[in-house]
$ cat target-v8.tsv   # TSV, C-alpha atoms
chain	number	residue	atom	x	y	z
A	20	MET	CA	-35.66	-36.90	-15.33
A	21	LYS	CA	-31.88	-37.29	-15.71
A	22	ASN	CA	-31.74	-34.05	-17.69
A	23	LEU	CA	-33.69	-32.20	-15.01
A	24	LEU	CA	-31.38	-33.54	-12.30
A	25	LEU	CA	-28.35	-32.57	-14.38
A	26	LEU	CA	-29.71	-29.04	-14.93
A	27	ILE	CA	-30.45	-28.60	-11.23
A	28	SER	CA	-26.97	-29.84	-10.32
A	29	LEU	CA	-25.40	-27.52	-12.87
A	30	ALA	CA	-27.45	-24.56	-11.59
A	31	ILE	CA	-26.37	-25.28	-8.01
A	32	PHE	CA	-22.72	-25.54	-9.07
A	33	ILE	CA	-22.86	-22.25	-10.99
A	34	PHE	CA	-24.66	-20.50	-8.13
A	35	THR	CA	-22.03	-21.76	-5.68
A	36	LEU	CA	-19.20	-20.65	-7.95
A	37	VAL	CA	-20.70	-17.19	-8.46
A	38	SER	CA	-21.71	-16.66	-4.83
A	39	CYS	CA	-18.27	-17.62	-3.55
A	40	GLY	CA	-16.74	-15.02	-5.80
A	41	GLY	CA	-13.40	-15.81	-7.26
A	42	PRO	CA	-9.78	-14.83	-7.13
A	43	LYS	CA	-10.36	-11.32	-8.46
A	44	LYS	CA	-13.21	-10.65	-6.05
A	45	ASP	CA	-11.09	-11.95	-3.17
A	46	GLN	CA	-8.19	-9.71	-4.20
A	47	LYS	CA	-10.53	-6.72	-4.33
A	48	LYS	CA	-11.65	-7.50	-0.79
A	49	MET	CA	-8.03	-7.73	0.36
A	50	LEU	CA	-7.16	-4.42	-1.32
A	51	GLN	CA	-10.14	-2.76	0.37
A	52	MET	CA	-8.81	-3.92	3.72
A	53	PHE	CA	-5.36	-2.55	2.80
A	54	GLU	CA	-6.94	0.80	1.95
A	55	GLU	CA	-8.89	0.87	5.22
A	56	TYR	CA	-5.73	0.08	7.21
A	57	THR	CA	-3.74	2.69	5.28
A	58	GLU	CA	-6.30	5.42	5.93
A	59	ILE	CA	-6.35	4.79	9.67
A	60	ALA	CA	-2.56	4.33	9.88
A	61	VAL	CA	-1.78	7.60	8.09
A	62	LYS	CA	-4.15	9.54	10.36
A	63	ALA	CA	-2.78	7.81	13.46
A	64	ALA	CA	0.85	8.48	12.53
A	65	LYS	CA	0.42	12.23	12.04
A	66	ASP	CA	1.12	13.05	15.67
A	67	LYS	CA	3.70	10.24	16.03
A	68	VAL	CA	1.74	8.83	19.00
A	69	LEU	CA	-0.63	5.85	18.78
A	70	ASP	CA	-3.42	5.99	21.33
A	71	GLU	CA	-5.39	2.95	22.55
A	72	LYS	CA	-8.27	3.50	20.10
A	73	GLU	CA	-5.93	3.74	17.11
A	74	ILE	CA	-4.01	0.65	18.21
A	75	GLU	CA	-7.25	-1.27	18.67
A	76	GLU	CA	-8.54	-0.27	15.23
A	77	LEU	CA	-5.27	-1.09	13.51
A	78	ASN	CA	-4.93	-4.44	15.28
A	79	GLU	CA	-8.51	-5.35	14.39
A	80	ILE	CA	-7.99	-4.65	10.68
A	81	SER	CA	-4.59	-6.33	10.74
A	82	SER	CA	-6.22	-9.41	12.24
A	83	LYS	CA	-8.88	-9.42	9.52
A	84	ILE	CA	-6.20	-9.08	6.83
A	85	ASP	CA	-4.21	-11.96	8.29
A	86	GLU	CA	-7.28	-14.18	8.65
A	87	PHE	CA	-8.49	-13.46	5.12
A	88	SER	CA	-5.00	-14.01	3.73
A	89	GLN	CA	-4.86	-17.44	5.36
A	90	GLU	CA	-8.30	-18.29	3.96
A	91	MET	CA	-7.17	-17.27	0.48
A	92	ASP	CA	-3.95	-19.28	0.77
A	93	LYS	CA	-5.94	-22.36	1.70
A	94	LYS	CA	-8.65	-21.72	-0.90
A	95	TYR	CA	-6.23	-21.31	-3.80
A	96	GLU	CA	-3.28	-23.45	-2.70
A	97	ASN	CA	-3.87	-26.06	-5.43
A	98	ASP	CA	-5.28	-23.72	-8.06
A	99	SER	CA	-2.39	-22.35	-10.11
A	100	GLU	CA	-4.73	-20.69	-12.60
A	101	SER	CA	-6.40	-18.63	-9.87
A	102	GLN	CA	-3.02	-17.82	-8.34
A	103	LYS	CA	-1.87	-16.47	-11.70
A	104	LEU	CA	-5.06	-14.40	-12.06
A	105	MET	CA	-4.49	-12.90	-8.60
A	106	GLN	CA	-0.85	-12.09	-9.36
A	107	ASP	CA	-1.81	-10.42	-12.63
A	108	TYR	CA	-4.56	-8.44	-10.91
A	109	MET	CA	-2.16	-7.21	-8.26
A	110	LYS	CA	0.24	-6.02	-10.96
A	111	GLU	CA	-2.32	-3.54	-12.29
A	112	GLU	CA	-1.05	-0.01	-11.69
A	113	ASN	CA	-3.86	1.11	-9.37
A	114	ASN	CA	-3.45	-2.01	-7.24
A	115	LYS	CA	0.32	-1.62	-7.07
A	116	THR	CA	-0.29	1.91	-5.76
A	117	ILE	CA	-2.61	0.59	-3.03
A	118	ILE	CA	0.02	-1.93	-1.94
A	119	LYS	CA	2.77	0.71	-1.98
A	120	GLU	CA	0.67	3.11	0.13
A	121	TYR	CA	-0.14	0.29	2.56
A	122	THR	CA	3.55	-0.55	2.91
A	123	ASN	CA	4.42	3.13	3.44
A	124	ALA	CA	1.73	3.40	6.12
A	125	LEU	CA	3.19	0.40	7.93
A	126	MET	CA	6.59	2.10	7.90
A	127	LEU	CA	5.13	5.33	9.28
A	128	LEU	CA	3.66	3.48	12.24
A	129	TRP	CA	6.97	2.04	13.41
A	130	ASP	CA	8.25	5.57	14.07
A	131	CYS	CA	5.35	6.23	16.45
A	132	GLU	CA	5.23	6.00	20.21
A	133	GLY	CA	3.06	2.96	21.04
A	134	ALA	CA	4.04	0.99	17.93
A	135	GLU	CA	5.21	-1.87	20.15
A	136	ASN	CA	1.51	-2.58	20.84
A	137	LEU	CA	0.70	-3.26	17.23
A	138	GLU	CA	0.22	-6.86	16.17
$ encode --input "target-v8.tsv" --output "structure tokens"
Amino acid sequence: MKNLLLLISLAIFIFTLVSCGGPKKDQKKMLQMFEEYTEIAVKAAKDKVLDEKEIEELNEISSKIDEFSQEMDKKYENDSESQKLMQDYMKEENNKTIIKEYTNALMLLWDCEGAENLE
């Protein structure tokens, strides 16, 4: 009976661990949000004017990025091993490119009329 209880507990723990993802899965989600923001920002900045729809879309994604970032900070604040895994993952060349493009897109937006409405 003890073995069965132990196996069930172990199965639940493993399922929870797998279903919650992990640091790499969380980083992938964050990078996907960066890519989504970048795509919209680059299109919006082409005419140097941000309309209400573009501002709304960008603010919505920005809000999601901020919220998810805070969740990750809290989730991994006492887990130095996961923090290291995330840092290493972000140093991969493809991921560095995503971050660079995201940063460039942010810079493009500040030259646009209506940028003062971005959050």
$ closest_residue --input "target-v8.tsv" --among "A:Tyr56, A:Asp45, A:Ala63, A:Gln51" --to "A:Glu132" --atoms "all atoms listed in the file"
A:Ala63
$ closest_residue --input "target-v8.tsv" --among "A:Asp130, A:Glu111, A:Glu96, A:Asp85" --to "A:Ala64" --atoms "all atoms listed in the file"
A:Asp130
$ residues_around --input "target-v8.tsv" --residues "A:Lys43" --least-positions-apart "2" --cutoff "12 Å" --atoms "all atoms listed in the file" --output "list in words"
Val37, Cys39, Gly40, Gly41, Asp45, Gln46, Lys47, Lys48, Met49, Leu50, Met91, Tyr95, Glu100, Ser101, Gln102, Lys103, Leu104, Met105, Gln106, Asp107, Tyr108, Met109, Glu111 and Asn114 of chain A
$ atom_distance --input "target-v8.tsv" --atom1 "atom CA of A:Asp98" --atom2 "atom CA of A:Thr57"
29.6 Å
$ closest_residue --input "target-v8.tsv" --among "A:Glu86, A:Glu73, A:Glu135, A:Asp92" --to "A:Ile59" --atoms "all atoms listed in the file"
A:Glu73
$ atom_distance --input "target-v8.tsv" --atom1 "atom CA of A:Lys119" --atom2 "atom CA of A:Ile84"
15.9 Å
$ closest_residue --input "target-v8.tsv" --among "A:Val61, A:Thr122, A:Phe53, A:Leu127" --to "A:Ser88" --atoms "only C-alpha atoms"
A:Phe53
$ closest_residue --input "target-v8.tsv" --among "A:Lys94, A:Lys83, A:Lys72, A:Lys44" --to "A:Asn136" --atoms "only C-alpha atoms"
A:Lys72
$ closest_residue --input "target-v8.tsv" --among "A:Ser99, A:Leu128, A:Gln89, A:Thr116" --to "A:Ile74" --atoms "only C-alpha atoms"
A:Leu128
$ atom_distance --input "target-v8.tsv" --atom1 "atom CA of A:Glu79" --atom2 "atom CA of A:Trp129"
17.2 Å
$ residues_near_point --input "target-v8.tsv" --point "(-2.4, 3.9, 0.9)" --cutoff "7 Å" --atoms "only C-alpha atoms" --output "number ranges by chain"
A: 54, 57-58, 117-121, 124
$ residues_around --input "target-v8.tsv" --residues "A:Glu75" --least-positions-apart "6" --cutoff "10 Å" --atoms "only C-alpha atoms" --output "PDB file with C-alpha atoms, keeping the file's coordinate frame"
ATOM      1  CA  LEU A  69      -0.630   5.850  18.780  1.00  0.00           C
ATOM      2  CA  SER A  81      -4.590  -6.330  10.740  1.00  0.00           C
ATOM      3  CA  ASN A 136       1.510  -2.580  20.840  1.00  0.00           C
ATOM      4  CA  LEU A 137       0.700  -3.260  17.230  1.00  0.00           C
ATOM      5  CA  GLU A 138       0.220  -6.860  16.170  1.00  0.00           C
TER       6      GLU A 138
END
$ decode --input "target-v8.tsv" --residues "chain A" --atoms "C-alpha atoms" --output "JSON list (two decimals), in the first residue's frame"
[["chain", "number", "residue", "atom", "x", "y", "z"],
["A", 20, "MET", "CA", 0.00, 0.00, 0.00],
["A", 21, "LYS", "CA", 2.86, 2.38, 0.87],
["A", 22, "ASN", "CA", 4.52, 1.63, -2.47],
["A", 23, "LEU", "CA", 1.30, 2.35, -4.35],
["A", 24, "LEU", "CA", 0.87, 5.65, -2.49],
["A", 25, "LEU", "CA", 4.50, 6.53, -3.20],
["A", 26, "LEU", "CA", 4.10, 5.73, -6.91],
["A", 27, "ILE", "CA", 0.92, 7.80, -7.16],
["A", 28, "SER", "CA", 2.61, 10.71, -5.39],
["A", 29, "LEU", "CA", 5.63, 10.45, -7.66],
["A", 30, "ALA", "CA", 3.41, 10.32, -10.76],
["A", 31, "ILE", "CA", 1.52, 13.42, -9.62],
["A", 32, "PHE", "CA", 4.79, 15.26, -8.95],
["A", 33, "ILE", "CA", 6.20, 14.35, -12.36],
["A", 34, "PHE", "CA", 2.96, 15.30, -14.12],
["A", 35, "THR", "CA", 2.94, 18.65, -12.31],
["A", 36, "LEU", "CA", 6.57, 19.29, -13.20],
["A", 37, "VAL", "CA", 6.04, 18.40, -16.86],
["A", 38, "SER", "CA", 2.74, 20.25, -17.24],
["A", 39, "CYS", "CA", 4.14, 23.43, -15.72],
["A", 40, "GLY", "CA", 6.92, 23.38, -18.25],
["A", 41, "GLY", "CA", 10.25, 24.64, -17.13],
["A", 42, "PRO", "CA", 12.68, 27.46, -17.59],
["A", 43, "LYS", "CA", 13.38, 26.68, -21.24],
["A", 44, "LYS", "CA", 9.69, 26.40, -22.10],
["A", 45, "ASP", "CA", 9.02, 29.68, -20.29],
["A", 46, "GLN", "CA", 11.83, 31.39, -22.19],
["A", 47, "LYS", "CA", 10.44, 30.10, -25.48],
["A", 48, "LYS", "CA", 7.07, 31.60, -24.58],
["A", 49, "MET", "CA", 8.72, 34.93, -23.76],
["A", 50, "LEU", "CA", 10.66, 34.91, -27.04],
["A", 51, "GLN", "CA", 7.44, 34.20, -28.96],
["A", 52, "MET", "CA", 5.88, 37.26, -27.36],
["A", 53, "PHE", "CA", 8.97, 39.30, -28.31],
["A", 54, "GLU", "CA", 8.63, 38.11, -31.91],
["A", 55, "GLU", "CA", 4.93, 38.97, -31.99],
["A", 56, "TYR", "CA", 5.62, 42.46, -30.62],
["A", 57, "THR", "CA", 8.48, 42.96, -33.07],
["A", 58, "GLU", "CA", 6.36, 42.00, -36.07],
["A", 59, "ILE", "CA", 3.59, 44.42, -35.15],
["A", 60, "ALA", "CA", 6.02, 47.20, -34.17],
["A", 61, "VAL", "CA", 7.98, 47.04, -37.43],
["A", 62, "LYS", "CA", 4.77, 47.20, -39.49],
["A", 63, "ALA", "CA", 3.41, 50.02, -37.35],
["A", 64, "ALA", "CA", 6.60, 52.08, -37.58],
["A", 65, "LYS", "CA", 6.80, 52.02, -41.39],
["A", 66, "ASP", "CA", 4.68, 55.12, -41.81],
["A", 67, "LYS", "CA", 6.08, 56.78, -38.66],
["A", 68, "VAL", "CA", 2.53, 57.19, -37.29],
["A", 69, "LEU", "CA", 0.94, 54.89, -34.70],
["A", 70, "ASP", "CA", -2.82, 54.67, -35.02],
["A", 71, "GLU", "CA", -5.17, 53.62, -32.20],
["A", 72, "LYS", "CA", -5.35, 49.99, -33.32],
["A", 73, "GLU", "CA", -1.56, 49.65, -33.48],
["A", 74, "ILE", "CA", -1.15, 51.29, -30.08],
["A", 75, "GLU", "CA", -3.79, 49.00, -28.59],
["A", 76, "GLU", "CA", -2.14, 45.88, -30.03],
["A", 77, "LEU", "CA", 1.32, 46.92, -28.90],
["A", 78, "ASN", "CA", 0.14, 47.85, -25.40],
["A", 79, "GLU", "CA", -1.70, 44.55, -25.08],
["A", 80, "ILE", "CA", 1.36, 42.49, -25.99],
["A", 81, "SER", "CA", 3.60, 44.70, -23.85],
["A", 82, "SER", "CA", 1.28, 44.09, -20.92],
["A", 83, "LYS", "CA", 1.42, 40.32, -21.49],
["A", 84, "ILE", "CA", 5.23, 40.45, -21.66],
["A", 85, "ASP", "CA", 5.42, 42.42, -18.43],
["A", 86, "GLU", "CA", 2.97, 40.14, -16.64],
["A", 87, "PHE", "CA", 4.73, 36.98, -17.79],
["A", 88, "SER", "CA", 8.11, 38.43, -16.88],
["A", 89, "GLN", "CA", 6.90, 39.12, -13.35],
["A", 90, "GLU", "CA", 5.51, 35.57, -13.09],
["A", 91, "MET", "CA", 8.86, 34.16, -14.21],
["A", 92, "ASP", "CA", 10.78, 36.34, -11.76],
["A", 93, "LYS", "CA", 8.63, 35.09, -8.93],
["A", 94, "LYS", "CA", 8.67, 31.47, -10.13],
["A", 95, "TYR", "CA", 12.45, 31.28, -10.44],
["A", 96, "GLU", "CA", 13.60, 33.81, -7.83],
["A", 97, "ASN", "CA", 15.08, 31.12, -5.55],
["A", 98, "ASP", "CA", 16.11, 28.67, -8.26],
["A", 99, "SER", "CA", 19.63, 29.54, -9.38],
["A", 100, "GLU", "CA", 19.89, 26.42, -11.53],
["A", 101, "SER", "CA", 16.84, 27.43, -13.58],
["A", 102, "GLN", "CA", 18.09, 31.00, -13.79],
["A", 103, "LYS", "CA", 21.37, 29.74, -15.24],
["A", 104, "LEU", "CA", 19.51, 27.54, -17.75],
["A", 105, "MET", "CA", 17.46, 30.53, -18.88],
["A", 106, "GLN", "CA", 20.54, 32.73, -19.23],
["A", 107, "ASP", "CA", 22.31, 30.07, -21.27],
["A", 108, "TYR", "CA", 19.25, 29.59, -23.47],
["A", 109, "MET", "CA", 19.02, 33.31, -24.14],
["A", 110, "LYS", "CA", 22.68, 33.36, -25.20],
["A", 111, "GLU", "CA", 21.98, 31.00, -28.11],
["A", 112, "GLU", "CA", 22.55, 32.86, -31.38],
["A", 113, "ASN", "CA", 18.97, 32.62, -32.68],
["A", 114, "ASN", "CA", 17.59, 33.88, -29.38],
["A", 115, "LYS", "CA", 20.07, 36.75, -29.24],
["A", 116, "THR", "CA", 18.83, 37.75, -32.70],
["A", 117, "ILE", "CA", 15.21, 37.76, -31.50],
["A", 118, "ILE", "CA", 16.13, 39.99, -28.56],
["A", 119, "LYS", "CA", 18.15, 42.34, -30.80],
["A", 120, "GLU", "CA", 15.27, 42.65, -33.28],
["A", 121, "TYR", "CA", 12.84, 43.30, -30.42],
["A", 122, "THR", "CA", 15.09, 46.04, -29.06],
["A", 123, "ASN", "CA", 15.45, 47.60, -32.52],
["A", 124, "ALA", "CA", 11.67, 47.55, -32.95],
["A", 125, "LEU", "CA", 11.24, 49.36, -29.64],
["A", 126, "MET", "CA", 13.66, 52.03, -30.86],
["A", 127, "LEU", "CA", 11.78, 52.42, -34.15],
["A", 128, "LEU", "CA", 8.55, 53.12, -32.28],
["A", 129, "TRP", "CA", 9.92, 56.06, -30.32],
["A", 130, "ASP", "CA", 10.45, 57.97, -33.57],
["A", 131, "CYS", "CA", 6.76, 57.63, -34.43],
["A", 132, "GLU", "CA", 3.94, 60.07, -33.92],
["A", 133, "GLY", "CA", 1.74, 58.63, -31.16],
["A", 134, "ALA", "CA", 4.60, 56.90, -29.33],
["A", 135, "GLU", "CA", 3.68, 58.81, -26.16],
["A", 136, "ASN", "CA", 0.60, 56.53, -25.92],
["A", 137, "LEU", "CA", 2.64, 53.38, -25.64],
["A", 138, "GLU", "CA", 2.95, 51.76, -22.24]]
